[in-house]
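Participant: Quick one: the structure is below, questions incoming.
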Amino acid sequence: MTVQEVREHLTQTLIPFWKGLRDNEYGGYYGWLSYDLKLDRQAVKGCILNSRILWFFSNAYRLLEDADLLEEADHAYEFMKNYCLDKKNGGVYWSVTYNGNVEEGLKHTYNQAFAIYALSSYYRVSGKKEALDTARQLYELIESKCRDDRGYLEAFTEDFQPVDNEKLSENGVMAEKTMNTLLHVFEAYTELYDVTKDEEVGSRLRWIMDIFAEKVYNPKLRRQEVFFDADWNTLIDLHSFGHDIETAWLIDRGCEVLGDDSYTEKMHAITKELEACVYEKAYCNHSLANECEKGKVDTTRIWWVQAETVVGFYNAWQKAPEHTEYRQAAEDTWKFIQEHVVDQREGSEWYWCVDENGAPIEGKPIVEPWKCPYHNGRMCIEIIRRMSNAS
């Protein structure tokens, strides 16, 4: 794994692919490309997908300083501003139609968080104060409407009445709180704090880390629990390997941005355990298994899990260079991605998933509301930055 080959993948595969999905007629980016590479120009446009595209082009521009990338970020921002934001009730819709009408007005905390993440990054590179103002408004909205004294609530109607959390519940449970939403609120607030140094946001980062340490992390099993009731009682025996390795480096990143030595010490003790456990239990065949439910491992290799594995293990090695097995795991997973997860067909990007031997699992789309350039694009950006800074 070299800076040159990761940069080449970013600039010659990921960026051209997502540029090619730009909708110049109705704004934003097309929302669906099927497994057989058929583009649906009238597919629903997920607001999470649009936020992630905005984040991707903003950070690609920050890294590469190519003006075309900032122009793509501008395009994504205009679509968010004009169509994804609810100007009456506040917040970001779940999805809009191909031409910008509200498709699903659900308000989800997860979705608000991704908009904050994207807008903060966009402000960093564009200097547009209105983008930062919107990020701050969404922060205030989460804090006033989507939080109780124990953590973050999940799903709401258009006017912020609580509803069942169908969007972020899986595996046969209906969760009132999730590790996943908490993680991405933390990720969003890290970015917002990084561009503002707002101490109120900093104190919220500390509060979230306390919840991870005291409610989400299971020290006996060295894993995070995933789905919870309102009081943080776990609902299912589930180990999400991808989320654990992603959480480890995102928490470390938050600690770095916050610069609070006591929290860095406290959270590093946990993230080191997460990394070690994931490596022992899930890393096999130069790639990472998906999850383990009630003792049964799902060996599917999911696109985003592999991307987070590369960053997560590289970060683990940087933190503890004596653990050379982590660096090797990052490099070997990158090789597995190149050989098996990257779809070599012209006009494609990464498969959604492959089996444990690397054979594509047919049927899953190449683009849809969750399949985006955020995980794999971020992997490239992070690895390029980290390897360049080390050289």
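FYI, nothing fancy with the structure tokens labels: chains A, B, ... in order, residues from 1 per chain, ligands from 1 as they appear.
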Report as a Markdown table the residues of segment 216-249 of chain A within 12 Å of segment 366-379 of chain A, each with its shortest atom pair and distance in Å (one decimal), using only C-alpha atoms, ordered by chain and increasing residue number.
Facilitator:
```
| residue | atom | partner | partner_atom | distance |
| --- | --- | --- | --- | --- |
| A:Gly242 | CA | A:His375 | CA | 11.2 |
| A:His243 | CA | A:His375 | CA | 11.8 |
| A:Glu246 | CA | A:His375 | CA | 9.8 |
| A:Trp249 | CA | A:Met379 | CA | 11.5 |
```
Participant: Those residues with N, CA, C and O atoms, as a PDB file, in the first residue's frame please?
Facilitator:
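Resulting contents of selection_25.pdb:
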```pdb
ATOM      1  N   GLY A 242     -17.537  -4.191  11.858  1.00  0.00           N
ATOM      2  CA  GLY A 242     -17.230  -2.972  11.106  1.00  0.00           C
ATOM      3  C   GLY A 242     -17.418  -1.718  11.927  1.00  0.00           C
ATOM      4  O   GLY A 242     -16.596  -0.799  11.879  1.00  0.00           O
ATOM      5  N   HIS A 243     -18.499  -1.674  12.695  1.00  0.00           N
ATOM      6  CA  HIS A 243     -18.733  -0.499  13.528  1.00  0.00           C
ATOM      7  C   HIS A 243     -17.679  -0.373  14.627  1.00  0.00           C
ATOM      8  O   HIS A 243     -17.290   0.740  14.995  1.00  0.00           O
ATOM      9  N   GLU A 246     -14.482   0.983  13.056  1.00  0.00           N
ATOM     10  CA  GLU A 246     -14.734   2.381  12.679  1.00  0.00           C
ATOM     11  C   GLU A 246     -14.783   3.270  13.922  1.00  0.00           C
ATOM     12  O   GLU A 246     -14.191   4.357  13.954  1.00  0.00           O
ATOM     13  N   TRP A 249     -11.257   4.300  15.489  1.00  0.00           N
ATOM     14  CA  TRP A 249     -10.461   5.410  14.943  1.00  0.00           C
ATOM     15  C   TRP A 249     -11.218   6.735  15.000  1.00  0.00           C
ATOM     16  O   TRP A 249     -10.599   7.795  15.162  1.00  0.00           O
TER      17      TRP A 249
END
```
Participant: List as JSON lines every residue of segment 84-150 of chain A that is in contact with segment 43-60 of chain A, defined as an atom at most 9 Å from one of its atoms (using only C-alpha atoms), together with the nearest atom pair and the distance in Å rounded to one decimal, sorted by chain and then rising number.
Facilitator:
```
{"residue": "A:Cys84", "atom": "CA", "partner": "A:Cys47", "partner_atom": "CA", "distance": 6.1}
{"residue": "A:Val92", "atom": "CA", "partner": "A:Cys47", "partner_atom": "CA", "distance": 7.3}
{"residue": "A:Tyr93", "atom": "CA", "partner": "A:Cys47", "partner_atom": "CA", "distance": 6.6}
{"residue": "A:Trp94", "atom": "CA", "partner": "A:Cys47", "partner_atom": "CA", "distance": 5.6}
{"residue": "A:Ser95", "atom": "CA", "partner": "A:Gly46", "partner_atom": "CA", "distance": 4.3}
{"residue": "A:Val96", "atom": "CA", "partner": "A:Lys45", "partner_atom": "CA", "distance": 5.4}
{"residue": "A:Thr97", "atom": "CA", "partner": "A:Val44", "partner_atom": "CA", "distance": 4.7}
{"residue": "A:Tyr98", "atom": "CA", "partner": "A:Val44", "partner_atom": "CA", "distance": 5.4}
{"residue": "A:Asn99", "atom": "CA", "partner": "A:Lys45", "partner_atom": "CA", "distance": 8.7}
{"residue": "A:Gly100", "atom": "CA", "partner": "A:Lys45", "partner_atom": "CA", "distance": 8.1}
{"residue": "A:Glu103", "atom": "CA", "partner": "A:Val44", "partner_atom": "CA", "distance": 7.3}
{"residue": "A:Tyr110", "atom": "CA", "partner": "A:Ile48", "partner_atom": "CA", "distance": 8.6}
{"residue": "A:Asn111", "atom": "CA", "partner": "A:Ile48", "partner_atom": "CA", "distance": 5.8}
{"residue": "A:Gln112", "atom": "CA", "partner": "A:Ile48", "partner_atom": "CA", "distance": 8.6}
{"residue": "A:Phe114", "atom": "CA", "partner": "A:Ser51", "partner_atom": "CA", "distance": 6.1}
{"residue": "A:Ala115", "atom": "CA", "partner": "A:Ser51", "partner_atom": "CA", "distance": 5.4}
{"residue": "A:Ile116", "atom": "CA", "partner": "A:Ser51", "partner_atom": "CA", "distance": 8.6}
{"residue": "A:Tyr117", "atom": "CA", "partner": "A:Trp55", "partner_atom": "CA", "distance": 7.0}
{"residue": "A:Ala118", "atom": "CA", "partner": "A:Trp55", "partner_atom": "CA", "distance": 4.3}
{"residue": "A:Leu119", "atom": "CA", "partner": "A:Trp55", "partner_atom": "CA", "distance": 7.4}
{"residue": "A:Ser120", "atom": "CA", "partner": "A:Trp55", "partner_atom": "CA", "distance": 8.6}
{"residue": "A:Ser121", "atom": "CA", "partner": "A:Ser58", "partner_atom": "CA", "distance": 6.1}
{"residue": "A:Tyr122", "atom": "CA", "partner": "A:Ser58", "partner_atom": "CA", "distance": 5.3}
{"residue": "A:Tyr123", "atom": "CA", "partner": "A:Ser58", "partner_atom": "CA", "distance": 8.6}
{"residue": "A:Arg124", "atom": "CA", "partner": "A:Ser58", "partner_atom": "CA", "distance": 8.3}
{"residue": "A:Val125", "atom": "CA", "partner": "A:Ser58", "partner_atom": "CA", "distance": 6.5}
{"residue": "A:Ser126", "atom": "CA", "partner": "A:Ser58", "partner_atom": "CA", "distance": 8.3}
```
Participant: Got a sec: who's within 12 Å of Leu39 of chain A, counting only C-alpha atoms, leaving out chain neighbours fewer than 2 positions off, as a PDB file with C-alpha atoms, in the first residue's frame?
Facilitator:
```
ATOM      1  CA  GLY A  20     -20.417  11.048 -13.524  1.00  0.00           C
ATOM      2  CA  LEU A  21     -23.541  10.782 -11.361  1.00  0.00           C
ATOM      3  CA  ARG A  22     -24.092  14.528 -11.258  1.00  0.00           C
ATOM      4  CA  ASP A  23     -27.617  15.574 -12.205  1.00  0.00           C
ATOM      5  CA  TYR A  29     -26.569  13.388  -7.830  1.00  0.00           C
ATOM      6  CA  TYR A  30     -28.491  10.442  -9.215  1.00  0.00           C
ATOM      7  CA  GLY A  31     -29.680   8.098  -6.492  1.00  0.00           C
ATOM      8  CA  TRP A  32     -29.562   4.635  -8.028  1.00  0.00           C
ATOM      9  CA  LEU A  33     -27.243   2.527 -10.192  1.00  0.00           C
ATOM     10  CA  SER A  34     -28.212  -1.141 -10.300  1.00  0.00           C
ATOM     11  CA  TYR A  35     -25.890  -4.116 -10.037  1.00  0.00           C
ATOM     12  CA  ASP A  36     -26.034  -4.450 -13.823  1.00  0.00           C
ATOM     13  CA  LEU A  37     -25.031  -0.766 -14.111  1.00  0.00           C
ATOM     14  CA  ARG A  41     -32.370   9.043 -13.383  1.00  0.00           C
ATOM     15  CA  GLN A  42     -35.729   9.261 -11.595  1.00  0.00           C
ATOM     16  CA  ALA A  43     -34.743   7.353  -8.461  1.00  0.00           C
ATOM     17  CA  GLY A 347     -18.631   2.685 -15.338  1.00  0.00           C
ATOM     18  CA  SER A 348     -18.658   1.097 -11.896  1.00  0.00           C
ATOM     19  CA  PRO A 365     -26.849  -1.966  -6.339  1.00  0.00           C
ATOM     20  CA  ILE A 366     -23.666  -0.005  -6.925  1.00  0.00           C
ATOM     21  CA  VAL A 367     -25.403   3.228  -5.831  1.00  0.00           C
ATOM     22  CA  GLU A 368     -28.469   3.658  -3.626  1.00  0.00           C
TER      23      GLU A 368
END
```
Participant: As a PDB file with C-alpha atoms, in the first residue's frame, please: every residue in segment 248-291 of chain A that DSSP puts in helix (DSSP H, G or I).
Facilitator:
```pdb
ATOM      1  CA  ALA A 248     -12.050   2.986  17.371  1.00  0.00           C
ATOM      2  CA  TRP A 249     -10.461   5.410  14.943  1.00  0.00           C
ATOM      3  CA  LEU A 250     -13.310   7.953  15.025  1.00  0.00           C
ATOM      4  CA  ILE A 251     -13.121   8.142  18.820  1.00  0.00           C
ATOM      5  CA  ASP A 252      -9.338   8.524  18.566  1.00  0.00           C
ATOM      6  CA  ARG A 253      -9.855  11.280  16.003  1.00  0.00           C
ATOM      7  CA  GLY A 254     -12.302  13.030  18.331  1.00  0.00           C
ATOM      8  CA  CYS A 255      -9.800  12.854  21.170  1.00  0.00           C
ATOM      9  CA  GLU A 256      -7.098  14.311  18.923  1.00  0.00           C
ATOM     10  CA  VAL A 257      -9.327  17.211  17.859  1.00  0.00           C
ATOM     11  CA  LEU A 258     -10.525  17.853  21.418  1.00  0.00           C
ATOM     12  CA  ASP A 261      -5.457  14.384  27.783  1.00  0.00           C
ATOM     13  CA  SER A 262      -7.721  12.808  30.388  1.00  0.00           C
ATOM     14  CA  TYR A 263     -10.285  11.751  27.781  1.00  0.00           C
ATOM     15  CA  THR A 264      -7.580  10.590  25.398  1.00  0.00           C
ATOM     16  CA  GLU A 265      -6.203   8.296  28.102  1.00  0.00           C
ATOM     17  CA  LYS A 266      -9.657   7.080  29.081  1.00  0.00           C
ATOM     18  CA  MET A 267     -10.851   6.373  25.548  1.00  0.00           C
ATOM     19  CA  HIS A 268      -7.584   4.936  24.196  1.00  0.00           C
ATOM     20  CA  ALA A 269      -7.896   2.165  26.764  1.00  0.00           C
ATOM     21  CA  ILE A 270     -11.244   1.258  25.169  1.00  0.00           C
ATOM     22  CA  THR A 271     -10.299   1.743  21.511  1.00  0.00           C
ATOM     23  CA  LYS A 272      -7.243  -0.484  21.942  1.00  0.00           C
ATOM     24  CA  GLU A 273      -9.503  -3.233  23.274  1.00  0.00           C
ATOM     25  CA  LEU A 274     -11.929  -2.803  20.378  1.00  0.00           C
ATOM     26  CA  GLU A 275      -9.098  -3.067  17.851  1.00  0.00           C
ATOM     27  CA  ALA A 276      -7.597  -6.155  19.495  1.00  0.00           C
ATOM     28  CA  CYS A 277     -10.941  -7.925  19.754  1.00  0.00           C
ATOM     29  CA  VAL A 278     -11.907  -7.212  16.142  1.00  0.00           C
ATOM     30  CA  TYR A 279      -8.513  -8.421  14.963  1.00  0.00           C
ATOM     31  CA  GLU A 280      -8.830 -11.661  16.956  1.00  0.00           C
ATOM     32  CA  LYS A 281     -12.451 -12.455  16.152  1.00  0.00           C
ATOM     33  CA  ALA A 282     -13.196 -11.050  12.700  1.00  0.00           C
TER      34      ALA A 282
END
```
Participant: Please provide the set of residues having any atom within 10 Å of Lys88 of chain A, restricted to only C-alpha atoms, with same-chain residues fewer than 3 positions apart removed, written as a PyMOL selection string.
Facilitator: chain A and resi 85+91+158-159
Participant: For the selection you just gave me, I'd like the residues written to a file as an mmCIF file, in the first residue's frame, keeping all heavy atoms.
Facilitator:
```cif
data_model
loop_
_atom_site.group_PDB
_atom_site.id
_atom_site.type_symbol
_atom_site.label_atom_id
_atom_site.label_comp_id
_atom_site.auth_asym_id
_atom_site.auth_seq_id
_atom_site.Cartn_x
_atom_site.Cartn_y
_atom_site.Cartn_z
ATOM 1 N N LEU A 85 -33.360 20.599 3.070
ATOM 2 C CA LEU A 85 -33.640 21.269 4.345
ATOM 3 C C LEU A 85 -35.107 21.665 4.422
ATOM 4 O O LEU A 85 -35.658 22.237 3.477
ATOM 5 C CB LEU A 85 -32.760 22.515 4.485
ATOM 6 C CG LEU A 85 -31.256 22.268 4.622
ATOM 7 C CD1 LEU A 85 -30.495 23.576 4.471
ATOM 8 C CD2 LEU A 85 -30.936 21.632 5.970
ATOM 9 N N GLY A 91 -34.483 21.112 10.152
ATOM 10 C CA GLY A 91 -33.943 19.771 9.953
ATOM 11 C C GLY A 91 -33.871 19.344 8.503
ATOM 12 O O GLY A 91 -34.269 20.069 7.587
ATOM 13 N N GLU A 158 -42.119 14.696 10.550
ATOM 14 C CA GLU A 158 -41.631 15.927 9.937
ATOM 15 C C GLU A 158 -41.578 17.081 10.934
ATOM 16 O O GLU A 158 -40.690 17.928 10.878
ATOM 17 C CB GLU A 158 -42.546 16.275 8.754
ATOM 18 C CG GLU A 158 -41.878 17.046 7.653
ATOM 19 C CD GLU A 158 -42.671 17.025 6.361
ATOM 20 O OE1 GLU A 158 -43.041 15.929 5.894
ATOM 21 O OE2 GLU A 158 -42.926 18.119 5.826
ATOM 22 N N ASP A 159 -42.553 17.105 11.871
ATOM 23 C CA ASP A 159 -42.581 18.183 12.863
ATOM 24 C C ASP A 159 -42.063 17.717 14.233
ATOM 25 O O ASP A 159 -42.420 18.254 15.273
ATOM 26 C CB ASP A 159 -43.981 18.785 12.986
ATOM 27 C CG ASP A 159 -45.034 17.766 13.406
ATOM 28 O OD1 ASP A 159 -44.703 16.560 13.446
ATOM 29 O OD2 ASP A 159 -46.174 18.168 13.690
#
```
